[in-house]
Amino acid sequence: MLRKFLVIRSVGRFEEYKPGGDVEFRKFNLIYAENGRGKTTLSHIIRSLATGDTTYIAQRNTLSTNDDPYVQVLLDTGKATLKSGQWDNTFPNVEIFDSTYVNENVFSGHYVDLDHRRNLYLFVIGEKGVKLSQTIYKLDDEIKQCNAEINDKKSDIQMVITSDLSVDNFANLSQVPDIEQQIEAKQREIDALEKSKEIIAKALLSKVSLPSNNNAELSTLLSKQLENVSTAAMQHVYQHIKELGGKSETWLSEGVTLQQNETCPFCGQSTSGVELVLAYQSFFSRAYADLKNEVARYIDRVSSAFSERDLLSLTNTITNNDELAGYWSNFLNEEFPKLDIASIQKIWNEYLAGLKTLLEHKKSMPLEPVITGADFERLVADYAAAVSLVETYNRNITIINQRVEKLKTGMLSGDLANEKLALKRLQDIRKRFEEKVAETCEAYLAANNKKRLLERQKDQAKADLKQYTETILGDYETILNKYLERFGASFRIQEKKQPSFSGGKPSVDYEIVLDGKTMALGKPDAHGGDPTFHSLLSDGDKNALAFALFMARLEAMESVELADKVIIFDDPISSLDSFRKEATRQSILSISGKAKQVIVLSHDPYYLRMAWENCDRAGTKVLQIARSGNQSQIIEWDVEQETRGDYFNNYFVLTEYLDGSSSSTTEMRHVARCIRPLLEANLRVRFPRTFKRGEWLGDFIEKIRDAQPPNELFALQPLLSELTEVNDYSKKYHHSQNPSADSETISDTELQTYIKRTLDLISGILVVAK
C-alpha cells in the first residue's frame with residue numbers, strides 16, 4: 001500500500017514538498033486539485049515507481065530549477081527513493097487509469113493503431129498471459145537476431161558471387177576435385193570467341209537535330225502594328241525620341257504611366273491639350289507594352305532554342321559519329337553519312353544573328369513594321385537546306401545502325417555470354433571453399449537452421465497462448481459490454497477470440513457493433529467515407545470505452561490478484577455526462593472494496609463529494625493538492641465544507657461568525673455581504689413563481705409592499721419593516737449600492753445583531769410560507 005509521499009523535489013509544481021498534517025493515505029483516497037496543480041504529476045510518479053521507468057518523472061522536471069528530481073515514498077514495505085535518475089525500489093502491483101493508459105492502450109487522438117491493440121492485449125490477459133507473451137517476445141527477438149546475422153552473412157557472400165547463383169545455392173555448393181582443370185578448359189573455349197567482344201560492345205551511331213523556327217509566326221510578329229495609333233502621333237513621338245537620344249523611349253513610356261489628372265509627373269504643370277503629350281498617350285498604350293513584351297518573349301525563345309550548349313552538343317555528336325563510322329567501315333561495305341560541321345555552325349550562327357537583328361529592331365521600334373529583306377530570306381533558305389541535310393543524314397544513320405545490329409547478332413551465335421557465365425560458375429565453386437568464404441557460408445547456414453528451430457518454437461508458443469486467451473478474451477468481452485451497458489453506451493464491442501500476431505507480436509482485435517452493424521476501428525492513414533472509431537464515437541463514448549476496458553480488466557482478475565492491487569484513477573470523468581459520472585463513481589466504489597487500495601484524483605470537487613458520501617468513512621482519506629506560492633502542497637481537505645452550495649455557505653458564514661470564529665474587519669465585511677444573498681435565496685426557494693433571477697432583495701421588498709389579498713406575498717407584510725432595515729444595513733457593504741463599501745465602518749456588535757435578525761427573518765418566512 002502507498003502510505004505517504006515523504007519528499008517530492010523538482011518535479012512539476014512540487015518544487016520542494018514535504019508533508020504537513022495528517023496526509024497519510026488510507027485504503028480509499030480522494031484527492032482534489034484544480035487543473036495544473038499536479039494530479040497527473042502524482043500519477044506519473046506512481047507509474048514510474050511501479051515500472052522503474054524514470055522518464056515519466058524526467059519529462060516533468062521543474063522548469064525553475066536545475067536540480068535533478070528527488071522523490072521519496074513511504075510504502076507498507078518500507079521506503080522507495082528516486083535519486084540521480086534511479087529508484088532504489090519499485091512497487092509493481094499498481095494499475096493506473098489516466099491519459100497515459102488511454103494513449104498507450106486504447107487510442108490516441110481519433111485512432112486505434114497496432115501498438116494500442118498490442119498494449120491492450122497485454123493489459124487484458126493478465127500476469128499469466130503476459131508470461132506466455134513474453135516467451136513469444138523473447139523468441140521473436142531471437143529470430144530478429146538470427147535475421148540480422150543472416151542478412152549480415154548474406155551481404156558478405158553476395159560480394160564474392162560473380163555468377164547468377166543465389167546466396168543459398170552458393171552456400172550449399174559441393175566441392176569439385178578437379179576444379180582448376182575445368183576452369184582452364186573453359187577459358188580456352190572463351191578465347192576462341194573473344195574476337196567478337198569489341199564488336200558487341202561498340203556503340204551505334206546517334207541521330208542529330210536542328211532547332212525549328214516558325215518563319216510565318218516571325219513574319220506576323222515583325223509586321224504587327226497598333227491600329228489606334230495615328231501616323232501623325234507616331235511621327236511626332238519618333239521625332240522627339242530621336243532628338244532626345246539614348247534610352248529616351250523607355251524613359252518616356254514610364255513617364256506616361258505616372259501621369260495622373262492631366263498633370264505632368266515631372267514638373268507638375270497641366271498637360272491638358274498638349275499635342276505632344278496626347279501623342280505620347282496614344283503611342284505608349286497598353287497594347288504598345290503588350291507588343292514589346294511579345295517581342296521580348298520571342299527573343300527569349302529563340303535564344304533558348306539556339307543556345308551555344310545545343311550547338312556544341314550537335315557538333316560533338318557529329319564528331320563521335322564520324323569516329324564510329326571509321327570503326328564500322330572495317331566491317332561493313334557501306335557509304336557512311338557525313339555532315340560538314342563548319343558549314344552547319346556557320347549557317348546556325350548566321351541564321352541566329354539575322355533573327356536577333358530583326359527582333360531587336362522590332363523591340364526598339366515596336367510600332368513600325370519590320371521587313372525581313374532579301375538577306376534574311378537567304379539565311380532562311382540556307383537554314384532550311386541545312387535542316388534537309390540533317391534529315392537525310394538521320395535516315396542514312398537508321399540504315400547503317402540496322403546493318404550494325406545485324407552484324408552484332410551474328411557475332412553472338414557463338415554463345416560467348418553463356419560460356420562466360422559457365423566460367424563464372426566454376427570460379428564461384430572454387431571461391432566457395434576458400435577458408436574465409438567457407439567460414440562465412442557455414443555461419444550463414446547455421447543461422448538459418450537456428451532460425452527455423454526458433455520459428456517452430458514460436459509457433460508452438462503462439463498456439464499455447466491462443467488456447468489460454470480464448471477463454472480469457474471471451475469472459476473479458478462479456479464484462480466489458482456489461483460496463484458499456486452500465487454507462488448507457490449505444491454500441492458494443494465484439495472481440496476476436498484469438499490474438500492477432502501482426503508484426504510477430506500478439507495484439508487484440510476488436511470491432512464496434514452499432515445497431516447490429518460491425519464497424520472497423522480505422523487507421524491513422526485511413527481516408528474515405530466508411531464509418532470508423534473516429535466518426536462513430538463521441539469523445540464521451542471514447543472515454544467511456546477506455547474506462548470500461550480498464551474496469552473490465554480489474555473485474556476479470558482473480559480475487560487474490562485484485563486484492564493485492566493498488567488502483568489509481570486520474571480524472572476518470574473527462575468528457576462524461578452526469579449519468580456516466582455517476583456510473584463511474586459506482587464502479588470505483590465497487591472496486592475499492594476488492595482492491596488493496598484505491599486513489600482517485602479529480603478536478604471536480606462535487607464528483608469527489610458524491611464518492612465520499614457513499615464510502616466507508618473510517619477507511620477513507622480526503623486530500624487536496626493546493627497552491628502554496630508558486631508550488632503545490634498535499635494538504636487535508638474538508639470535502640463537505642468545500643462543496644456546500646452558495647446558500648449553505650452564506651448560512652454557515654453567518655452562524656460561524658456568531659460562534660466567534662471570525663473577527664477581522666475584512667472578514668466582518670465579508671460576513672455582512674452574506675446577509676442579503678441568504679435572504680434572497682431563501683425567498684426564491686419559498687416563492688419561486690414570484691421572485692425571479694435578476695431581481696434583488698430591494699425588488700422583493702417592493703413586491704411584498706404592493707401585494708394585496710389573495711397574493712401569497714401579502715402574508716409577508718408583517719415582516720416588511722424588518723426586511724427593509726436588514727436590507728438597508730446589508731447594502732452598505734455591497735459595491736453595487738455603495739462605491740465605498742470596502743471602507744464602510746462596521747461594528748461587531750451591530751453585525752451580530754443583524755445576523756440574528758436575519759436568521760429570525762428566515763424562520764419567520766418559513767412559518768409564513770407554510
# chains A, B, ... in the order shown; residues from 1 in each chain; ligands from 1
$ residues_around --residues "Lys596 in chain A" --least-positions-apart "4" --cutoff "6 Å" --atoms "only C-alpha atoms" --output "PDB file with N, CA and C atoms, in the first residue's frame"
ATOM      1  N   ALA A 563      -6.897  -8.291  -4.912  1.00  0.00           N
ATOM      2  CA  ALA A 563      -6.764  -7.891  -3.513  1.00  0.00           C
ATOM      3  C   ALA A 563      -5.379  -7.357  -3.196  1.00  0.00           C
ATOM      4  N   ASP A 564      -4.423  -7.602  -4.069  1.00  0.00           N
ATOM      5  CA  ASP A 564      -3.059  -7.129  -3.846  1.00  0.00           C
ATOM      6  C   ASP A 564      -2.728  -5.910  -4.710  1.00  0.00           C
ATOM      7  N   LYS A 565      -3.735  -5.357  -5.407  1.00  0.00           N
ATOM      8  CA  LYS A 565      -3.518  -4.260  -6.349  1.00  0.00           C
ATOM      9  C   LYS A 565      -3.807  -2.897  -5.710  1.00  0.00           C
ATOM     10  N   VAL A 566      -2.988  -1.913  -6.093  1.00  0.00           N
ATOM     11  CA  VAL A 566      -3.269  -0.502  -5.799  1.00  0.00           C
ATOM     12  C   VAL A 566      -3.774   0.114  -7.104  1.00  0.00           C
TER      13      VAL A 566
END
$ residues_around --residues "Val295 in chain A" --least-positions-apart "6" --cutoff "8 Å" --atoms "only C-alpha atoms" --output "ChimeraX atom specification"
/A:221,359,362-363
$ select_by_dssp --residues "range 551-655 of chain A" --states "helix (DSSP H, G or I)" --output "PDB file with N, CA and C atoms, in the first residue's frame"
ATOM      1  N   MET A 551     -11.887  -1.140 -16.322  1.00  0.00           N
ATOM      2  CA  MET A 551     -12.653  -1.776 -15.246  1.00  0.00           C
ATOM      3  C   MET A 551     -12.911  -3.248 -15.529  1.00  0.00           C
ATOM      4  N   ALA A 552     -13.130  -3.574 -16.799  1.00  0.00           N
ATOM      5  CA  ALA A 552     -13.367  -4.981 -17.146  1.00  0.00           C
ATOM      6  C   ALA A 552     -12.135  -5.825 -16.838  1.00  0.00           C
ATOM      7  N   ARG A 553     -10.968  -5.261 -17.083  1.00  0.00           N
ATOM      8  CA  ARG A 553      -9.722  -5.981 -16.752  1.00  0.00           C
ATOM      9  C   ARG A 553      -9.632  -6.230 -15.250  1.00  0.00           C
ATOM     10  N   LEU A 554      -9.965  -5.215 -14.442  1.00  0.00           N
ATOM     11  CA  LEU A 554      -9.905  -5.387 -12.992  1.00  0.00           C
ATOM     12  C   LEU A 554     -10.891  -6.444 -12.524  1.00  0.00           C
ATOM     13  N   GLU A 555     -12.112  -6.401 -13.075  1.00  0.00           N
ATOM     14  CA  GLU A 555     -13.133  -7.355 -12.645  1.00  0.00           C
ATOM     15  C   GLU A 555     -12.790  -8.773 -13.088  1.00  0.00           C
ATOM     16  N   ALA A 556     -12.072  -8.884 -14.225  1.00  0.00           N
ATOM     17  CA  ALA A 556     -11.717 -10.214 -14.730  1.00  0.00           C
ATOM     18  C   ALA A 556     -10.557 -10.845 -13.953  1.00  0.00           C
ATOM     19  N   SER A 559      -9.621 -12.907  -7.657  1.00  0.00           N
ATOM     20  CA  SER A 559      -9.811 -12.088  -6.452  1.00  0.00           C
ATOM     21  C   SER A 559      -8.517 -11.917  -5.667  1.00  0.00           C
ATOM     22  N   VAL A 560      -7.672 -12.955  -5.639  1.00  0.00           N
ATOM     23  CA  VAL A 560      -6.395 -12.873  -4.911  1.00  0.00           C
ATOM     24  C   VAL A 560      -5.486 -11.834  -5.557  1.00  0.00           C
ATOM     25  N   GLU A 561      -5.466 -11.818  -6.881  1.00  0.00           N
ATOM     26  CA  GLU A 561      -4.621 -10.859  -7.596  1.00  0.00           C
ATOM     27  C   GLU A 561      -5.117  -9.435  -7.384  1.00  0.00           C
ATOM     28  N   LEU A 562      -6.447  -9.228  -7.486  1.00  0.00           N
ATOM     29  CA  LEU A 562      -7.013  -7.889  -7.314  1.00  0.00           C
ATOM     30  C   LEU A 562      -6.819  -7.386  -5.890  1.00  0.00           C
ATOM     31  N   SER A 578     -23.395  13.640 -16.756  1.00  0.00           N
ATOM     32  CA  SER A 578     -23.688  13.368 -15.342  1.00  0.00           C
ATOM     33  C   SER A 578     -24.060  11.902 -15.108  1.00  0.00           C
ATOM     34  N   PHE A 579     -24.771  11.295 -16.069  1.00  0.00           N
ATOM     35  CA  PHE A 579     -25.164   9.892 -15.908  1.00  0.00           C
ATOM     36  C   PHE A 579     -23.923   8.995 -15.857  1.00  0.00           C
ATOM     37  N   ARG A 580     -23.003   9.227 -16.772  1.00  0.00           N
ATOM     38  CA  ARG A 580     -21.803   8.392 -16.822  1.00  0.00           C
ATOM     39  C   ARG A 580     -20.869   8.690 -15.648  1.00  0.00           C
ATOM     40  N   LYS A 581     -20.883   9.934 -15.172  1.00  0.00           N
ATOM     41  CA  LYS A 581     -20.101  10.239 -13.979  1.00  0.00           C
ATOM     42  C   LYS A 581     -20.593   9.396 -12.799  1.00  0.00           C
ATOM     43  N   GLU A 582     -21.901   9.290 -12.672  1.00  0.00           N
ATOM     44  CA  GLU A 582     -22.472   8.511 -11.584  1.00  0.00           C
ATOM     45  C   GLU A 582     -22.122   7.034 -11.744  1.00  0.00           C
ATOM     46  N   ALA A 583     -22.174   6.522 -12.991  1.00  0.00           N
ATOM     47  CA  ALA A 583     -21.819   5.124 -13.240  1.00  0.00           C
ATOM     48  C   ALA A 583     -20.347   4.883 -12.914  1.00  0.00           C
ATOM     49  N   THR A 584     -19.516   5.862 -13.244  1.00  0.00           N
ATOM     50  CA  THR A 584     -18.088   5.769 -12.929  1.00  0.00           C
ATOM     51  C   THR A 584     -17.879   5.727 -11.417  1.00  0.00           C
ATOM     52  N   ARG A 585     -18.581   6.597 -10.718  1.00  0.00           N
ATOM     53  CA  ARG A 585     -18.466   6.633  -9.253  1.00  0.00           C
ATOM     54  C   ARG A 585     -18.843   5.285  -8.642  1.00  0.00           C
ATOM     55  N   GLN A 586     -19.954   4.725  -9.086  1.00  0.00           N
ATOM     56  CA  GLN A 586     -20.403   3.446  -8.558  1.00  0.00           C
ATOM     57  C   GLN A 586     -19.372   2.341  -8.833  1.00  0.00           C
ATOM     58  N   SER A 587     -18.800   2.368 -10.054  1.00  0.00           N
ATOM     59  CA  SER A 587     -17.807   1.346 -10.419  1.00  0.00           C
ATOM     60  C   SER A 587     -16.572   1.446  -9.541  1.00  0.00           C
ATOM     61  N   ILE A 588     -16.107   2.669  -9.297  1.00  0.00           N
ATOM     62  CA  ILE A 588     -14.920   2.853  -8.470  1.00  0.00           C
ATOM     63  C   ILE A 588     -15.191   2.415  -7.032  1.00  0.00           C
ATOM     64  N   LEU A 589     -16.349   2.782  -6.495  1.00  0.00           N
ATOM     65  CA  LEU A 589     -16.689   2.369  -5.133  1.00  0.00           C
ATOM     66  C   LEU A 589     -16.772   0.853  -5.027  1.00  0.00           C
ATOM     67  N   SER A 590     -17.288   0.221  -6.072  1.00  0.00           N
ATOM     68  CA  SER A 590     -17.401  -1.233  -6.061  1.00  0.00           C
ATOM     69  C   SER A 590     -16.029  -1.895  -6.033  1.00  0.00           C
ATOM     70  N   ILE A 591     -15.106  -1.381  -6.853  1.00  0.00           N
ATOM     71  CA  ILE A 591     -13.776  -1.999  -6.927  1.00  0.00           C
ATOM     72  C   ILE A 591     -12.960  -1.677  -5.688  1.00  0.00           C
ATOM     73  N   SER A 592     -13.284  -0.558  -5.010  1.00  0.00           N
ATOM     74  CA  SER A 592     -12.499  -0.158  -3.833  1.00  0.00           C
ATOM     75  C   SER A 592     -12.625  -1.170  -2.703  1.00  0.00           C
ATOM     76  N   PRO A 605     -14.764  18.844  -7.549  1.00  0.00           N
ATOM     77  CA  PRO A 605     -14.987  18.606  -6.113  1.00  0.00           C
ATOM     78  C   PRO A 605     -16.326  17.924  -5.833  1.00  0.00           C
ATOM     79  N   TYR A 606     -17.321  18.200  -6.664  1.00  0.00           N
ATOM     80  CA  TYR A 606     -18.644  17.619  -6.417  1.00  0.00           C
ATOM     81  C   TYR A 606     -18.670  16.128  -6.762  1.00  0.00           C
ATOM     82  N   TYR A 607     -17.865  15.729  -7.763  1.00  0.00           N
ATOM     83  CA  TYR A 607     -17.731  14.301  -8.058  1.00  0.00           C
ATOM     84  C   TYR A 607     -17.108  13.581  -6.860  1.00  0.00           C
ATOM     85  N   LEU A 608     -16.060  14.191  -6.279  1.00  0.00           N
ATOM     86  CA  LEU A 608     -15.432  13.591  -5.106  1.00  0.00           C
ATOM     87  C   LEU A 608     -16.389  13.585  -3.916  1.00  0.00           C
ATOM     88  N   ARG A 609     -17.216  14.610  -3.823  1.00  0.00           N
ATOM     89  CA  ARG A 609     -18.221  14.661  -2.742  1.00  0.00           C
ATOM     90  C   ARG A 609     -19.178  13.469  -2.861  1.00  0.00           C
ATOM     91  N   MET A 610     -19.626  13.177  -4.093  1.00  0.00           N
ATOM     92  CA  MET A 610     -20.533  12.043  -4.289  1.00  0.00           C
ATOM     93  C   MET A 610     -19.861  10.739  -3.878  1.00  0.00           C
ATOM     94  N   ALA A 611     -18.569  10.585  -4.232  1.00  0.00           N
ATOM     95  CA  ALA A 611     -17.861   9.365  -3.844  1.00  0.00           C
ATOM     96  C   ALA A 611     -17.696   9.294  -2.325  1.00  0.00           C
ATOM     97  N   TRP A 612     -17.411  10.426  -1.721  1.00  0.00           N
ATOM     98  CA  TRP A 612     -17.196  10.478  -0.276  1.00  0.00           C
ATOM     99  C   TRP A 612     -18.475  10.144   0.499  1.00  0.00           C
ATOM    100  N   GLU A 613     -19.627  10.584   0.013  1.00  0.00           N
ATOM    101  CA  GLU A 613     -20.882  10.376   0.718  1.00  0.00           C
ATOM    102  C   GLU A 613     -21.261   8.904   0.811  1.00  0.00           C
ATOM    103  N   ARG A 617     -16.285   5.775   5.597  1.00  0.00           N
ATOM    104  CA  ARG A 617     -15.556   6.953   6.066  1.00  0.00           C
ATOM    105  C   ARG A 617     -14.332   6.567   6.899  1.00  0.00           C
ATOM    106  N   ALA A 618     -14.444   5.462   7.636  1.00  0.00           N
ATOM    107  CA  ALA A 618     -13.339   5.086   8.528  1.00  0.00           C
ATOM    108  C   ALA A 618     -12.075   4.761   7.730  1.00  0.00           C
ATOM    109  N   GLY A 619     -12.239   4.190   6.550  1.00  0.00           N
ATOM    110  CA  GLY A 619     -11.073   3.813   5.747  1.00  0.00           C
ATOM    111  C   GLY A 619     -10.792   4.773   4.611  1.00  0.00           C
ATOM    112  N   VAL A 639     -14.045  18.088   2.393  1.00  0.00           N
ATOM    113  CA  VAL A 639     -14.878  17.948   1.204  1.00  0.00           C
ATOM    114  C   VAL A 639     -16.294  18.452   1.457  1.00  0.00           C
ATOM    115  N   GLU A 640     -16.790  18.262   2.664  1.00  0.00           N
ATOM    116  CA  GLU A 640     -18.163  18.665   2.960  1.00  0.00           C
ATOM    117  C   GLU A 640     -18.291  20.187   2.913  1.00  0.00           C
ATOM    118  N   GLN A 641     -17.355  20.877   3.545  1.00  0.00           N
ATOM    119  CA  GLN A 641     -17.436  22.328   3.585  1.00  0.00           C
ATOM    120  C   GLN A 641     -17.188  22.929   2.204  1.00  0.00           C
ATOM    121  N   GLU A 642     -16.207  22.381   1.470  1.00  0.00           N
ATOM    122  CA  GLU A 642     -15.825  22.963   0.187  1.00  0.00           C
ATOM    123  C   GLU A 642     -16.862  22.724  -0.904  1.00  0.00           C
ATOM    124  N   ASP A 646     -23.977  27.874  -2.495  1.00  0.00           N
ATOM    125  CA  ASP A 646     -23.876  29.261  -2.049  1.00  0.00           C
ATOM    126  C   ASP A 646     -24.791  29.534  -0.847  1.00  0.00           C
ATOM    127  N   TYR A 647     -25.997  28.971  -0.892  1.00  0.00           N
ATOM    128  CA  TYR A 647     -26.949  29.223   0.188  1.00  0.00           C
ATOM    129  C   TYR A 647     -26.386  28.737   1.526  1.00  0.00           C
ATOM    130  N   PHE A 648     -25.917  27.496   1.520  1.00  0.00           N
ATOM    131  CA  PHE A 648     -25.398  26.945   2.769  1.00  0.00           C
ATOM    132  C   PHE A 648     -24.088  27.603   3.163  1.00  0.00           C
ATOM    133  N   ASN A 649     -23.267  27.981   2.182  1.00  0.00           N
ATOM    134  CA  ASN A 649     -22.031  28.701   2.501  1.00  0.00           C
ATOM    135  C   ASN A 649     -22.351  30.002   3.236  1.00  0.00           C
ATOM    136  N   ASN A 650     -23.310  30.753   2.670  1.00  0.00           N
ATOM    137  CA  ASN A 650     -23.687  32.016   3.307  1.00  0.00           C
ATOM    138  C   ASN A 650     -24.268  31.784   4.713  1.00  0.00           C
ATOM    139  N   TYR A 651     -25.097  30.753   4.805  1.00  0.00           N
ATOM    140  CA  TYR A 651     -25.720  30.447   6.099  1.00  0.00           C
ATOM    141  C   TYR A 651     -24.664  30.134   7.160  1.00  0.00           C
ATOM    142  N   PHE A 652     -23.702  29.272   6.790  1.00  0.00           N
ATOM    143  CA  PHE A 652     -22.695  28.877   7.775  1.00  0.00           C
ATOM    144  C   PHE A 652     -21.697  29.993   8.061  1.00  0.00           C
ATOM    145  N   VAL A 653     -21.465  30.892   7.097  1.00  0.00           N
ATOM    146  CA  VAL A 653     -20.617  32.059   7.369  1.00  0.00           C
ATOM    147  C   VAL A 653     -21.227  32.882   8.507  1.00  0.00           C
ATOM    148  N   LEU A 654     -22.568  33.071   8.450  1.00  0.00           N
ATOM    149  CA  LEU A 654     -23.241  33.865   9.486  1.00  0.00           C
ATOM    150  C   LEU A 654     -23.237  33.141  10.835  1.00  0.00           C
ATOM    151  N   THR A 655     -23.587  31.857  10.814  1.00  0.00           N
ATOM    152  CA  THR A 655     -23.673  31.130  12.094  1.00  0.00           C
ATOM    153  C   THR A 655     -22.304  30.948  12.720  1.00  0.00           C
TER     154      THR A 655
END
$ select_by_dssp --residues "range 532-581 of chain A" --states "strand (DSSP E or B)" --output "number ranges by chain"
A: 532, 566-570
$ residues_around --residues "Asn349 in chain A" --least-positions-apart "2" --cutoff "12 Å" --atoms "only C-alpha atoms" --output "ChimeraX atom specification"
/A:303,306-308,311,342-347,351-356,379-380,382-383
$ write_last_selection --atoms "N, CA and C atoms" --output "PDB file, in the first residue's frame"
ATOM      1  N   SER A 303      16.641  32.495 -78.209  1.00  0.00           N
ATOM      2  CA  SER A 303      17.926  32.343 -77.513  1.00  0.00           C
ATOM      3  C   SER A 303      18.033  30.976 -76.853  1.00  0.00           C
ATOM      4  N   PHE A 306      18.376  28.182 -79.718  1.00  0.00           N
ATOM      5  CA  PHE A 306      19.646  28.239 -80.451  1.00  0.00           C
ATOM      6  C   PHE A 306      20.807  28.530 -79.503  1.00  0.00           C
ATOM      7  N   SER A 307      20.859  27.836 -78.346  1.00  0.00           N
ATOM      8  CA  SER A 307      21.906  28.099 -77.356  1.00  0.00           C
ATOM      9  C   SER A 307      23.243  27.521 -77.821  1.00  0.00           C
ATOM     10  N   GLU A 308      24.317  28.080 -77.292  1.00  0.00           N
ATOM     11  CA  GLU A 308      25.662  27.590 -77.617  1.00  0.00           C
ATOM     12  C   GLU A 308      25.838  26.154 -77.128  1.00  0.00           C
ATOM     13  N   LEU A 311      24.388  23.847 -79.704  1.00  0.00           N
ATOM     14  CA  LEU A 311      25.249  23.780 -80.896  1.00  0.00           C
ATOM     15  C   LEU A 311      26.464  22.906 -80.614  1.00  0.00           C
ATOM     16  N   ALA A 342      31.669  22.659 -89.925  1.00  0.00           N
ATOM     17  CA  ALA A 342      31.921  24.091 -90.093  1.00  0.00           C
ATOM     18  C   ALA A 342      30.761  24.770 -90.810  1.00  0.00           C
ATOM     19  N   SER A 343      30.229  24.080 -91.825  1.00  0.00           N
ATOM     20  CA  SER A 343      29.106  24.649 -92.581  1.00  0.00           C
ATOM     21  C   SER A 343      27.855  24.757 -91.705  1.00  0.00           C
ATOM     22  N   ILE A 344      27.617  23.715 -90.911  1.00  0.00           N
ATOM     23  CA  ILE A 344      26.450  23.719 -90.017  1.00  0.00           C
ATOM     24  C   ILE A 344      26.578  24.853 -89.000  1.00  0.00           C
ATOM     25  N   GLN A 345      27.766  24.986 -88.423  1.00  0.00           N
ATOM     26  CA  GLN A 345      27.976  26.055 -87.435  1.00  0.00           C
ATOM     27  C   GLN A 345      27.746  27.430 -88.051  1.00  0.00           C
ATOM     28  N   LYS A 346      28.276  27.625 -89.293  1.00  0.00           N
ATOM     29  CA  LYS A 346      28.149  28.926 -89.964  1.00  0.00           C
ATOM     30  C   LYS A 346      26.678  29.255 -90.220  1.00  0.00           C
ATOM     31  N   ILE A 347      25.938  28.296 -90.763  1.00  0.00           N
ATOM     32  CA  ILE A 347      24.514  28.520 -91.061  1.00  0.00           C
ATOM     33  C   ILE A 347      23.738  28.804 -89.761  1.00  0.00           C
ATOM     34  N   TYR A 351      22.027  32.464 -89.180  1.00  0.00           N
ATOM     35  CA  TYR A 351      20.569  32.496 -89.060  1.00  0.00           C
ATOM     36  C   TYR A 351      20.150  33.093 -87.717  1.00  0.00           C
ATOM     37  N   LEU A 352      20.836  32.681 -86.640  1.00  0.00           N
ATOM     38  CA  LEU A 352      20.536  33.206 -85.309  1.00  0.00           C
ATOM     39  C   LEU A 352      20.795  34.705 -85.239  1.00  0.00           C
ATOM     40  N   ALA A 353      21.923  35.150 -85.839  1.00  0.00           N
ATOM     41  CA  ALA A 353      22.243  36.577 -85.814  1.00  0.00           C
ATOM     42  C   ALA A 353      21.191  37.386 -86.569  1.00  0.00           C
ATOM     43  N   GLY A 354      20.763  36.864 -87.735  1.00  0.00           N
ATOM     44  CA  GLY A 354      19.727  37.543 -88.503  1.00  0.00           C
ATOM     45  C   GLY A 354      18.423  37.651 -87.739  1.00  0.00           C
ATOM     46  N   LEU A 355      18.047  36.546 -87.067  1.00  0.00           N
ATOM     47  CA  LEU A 355      16.827  36.573 -86.255  1.00  0.00           C
ATOM     48  C   LEU A 355      16.907  37.645 -85.174  1.00  0.00           C
ATOM     49  N   LYS A 356      18.009  37.641 -84.455  1.00  0.00           N
ATOM     50  CA  LYS A 356      18.138  38.594 -83.338  1.00  0.00           C
ATOM     51  C   LYS A 356      18.145  40.040 -83.822  1.00  0.00           C
ATOM     52  N   LEU A 379      19.182  33.726 -95.626  1.00  0.00           N
ATOM     53  CA  LEU A 379      19.533  32.956 -94.417  1.00  0.00           C
ATOM     54  C   LEU A 379      18.485  31.894 -94.114  1.00  0.00           C
ATOM     55  N   VAL A 380      17.207  32.229 -94.310  1.00  0.00           N
ATOM     56  CA  VAL A 380      16.126  31.259 -94.088  1.00  0.00           C
ATOM     57  C   VAL A 380      16.274  30.077 -95.027  1.00  0.00           C
ATOM     58  N   ASP A 382      19.067  29.051 -96.517  1.00  0.00           N
ATOM     59  CA  ASP A 382      20.248  28.264 -96.138  1.00  0.00           C
ATOM     60  C   ASP A 382      19.937  27.363 -94.946  1.00  0.00           C
ATOM     61  N   TYR A 383      19.199  27.910 -93.972  1.00  0.00           N
ATOM     62  CA  TYR A 383      18.887  27.115 -92.773  1.00  0.00           C
ATOM     63  C   TYR A 383      17.948  25.954 -93.130  1.00  0.00           C
TER      64      TYR A 383
END
$ closest_residue --among "A:Leu719, A:Ile136, A:Ala438, A:Leu453" --to "Asp156 in chain A" --atoms "only C-alpha atoms"
A:Ala438
$ residues_around --residues "range 181-185 of chain A" --least-positions-apart "6" --cutoff "12 Å" --atoms "only C-alpha atoms" --output "NGL selection string"
:A and (191-192 or 419-430)
$ residues_around --residues "range 740-751 of chain A" --least-positions-apart "3" --cutoff "8 Å" --atoms "only C-alpha atoms" --output "list in words"
Ser663, Thr665, Met668, Arg669, Ala672, Lys732, Tyr733, His734, His735, Tyr754 and Ile755 of chain A
$ atom_distance --atom1 "CA of Thr758 in chain A" --atom2 "CA of Pro739 in chain A"
23.8 Å
$ residues_around --residues "range 627-633 of chain A" --least-positions-apart "4" --cutoff "12 Å" --atoms "only C-alpha atoms" --output "PyMOL selection string"
chain A and resi 5-21+23+31-39+41-42+62-64+623+637
$ atom_distance --atom1 "CA of Thr518 in chain A" --atom2 "CA of Leu484 in chain A"
16.2 Å
$ atom_distance --atom1 "CA of Ile762 in chain A" --atom2 "CA of Pro677 in chain A"
12.1 Å
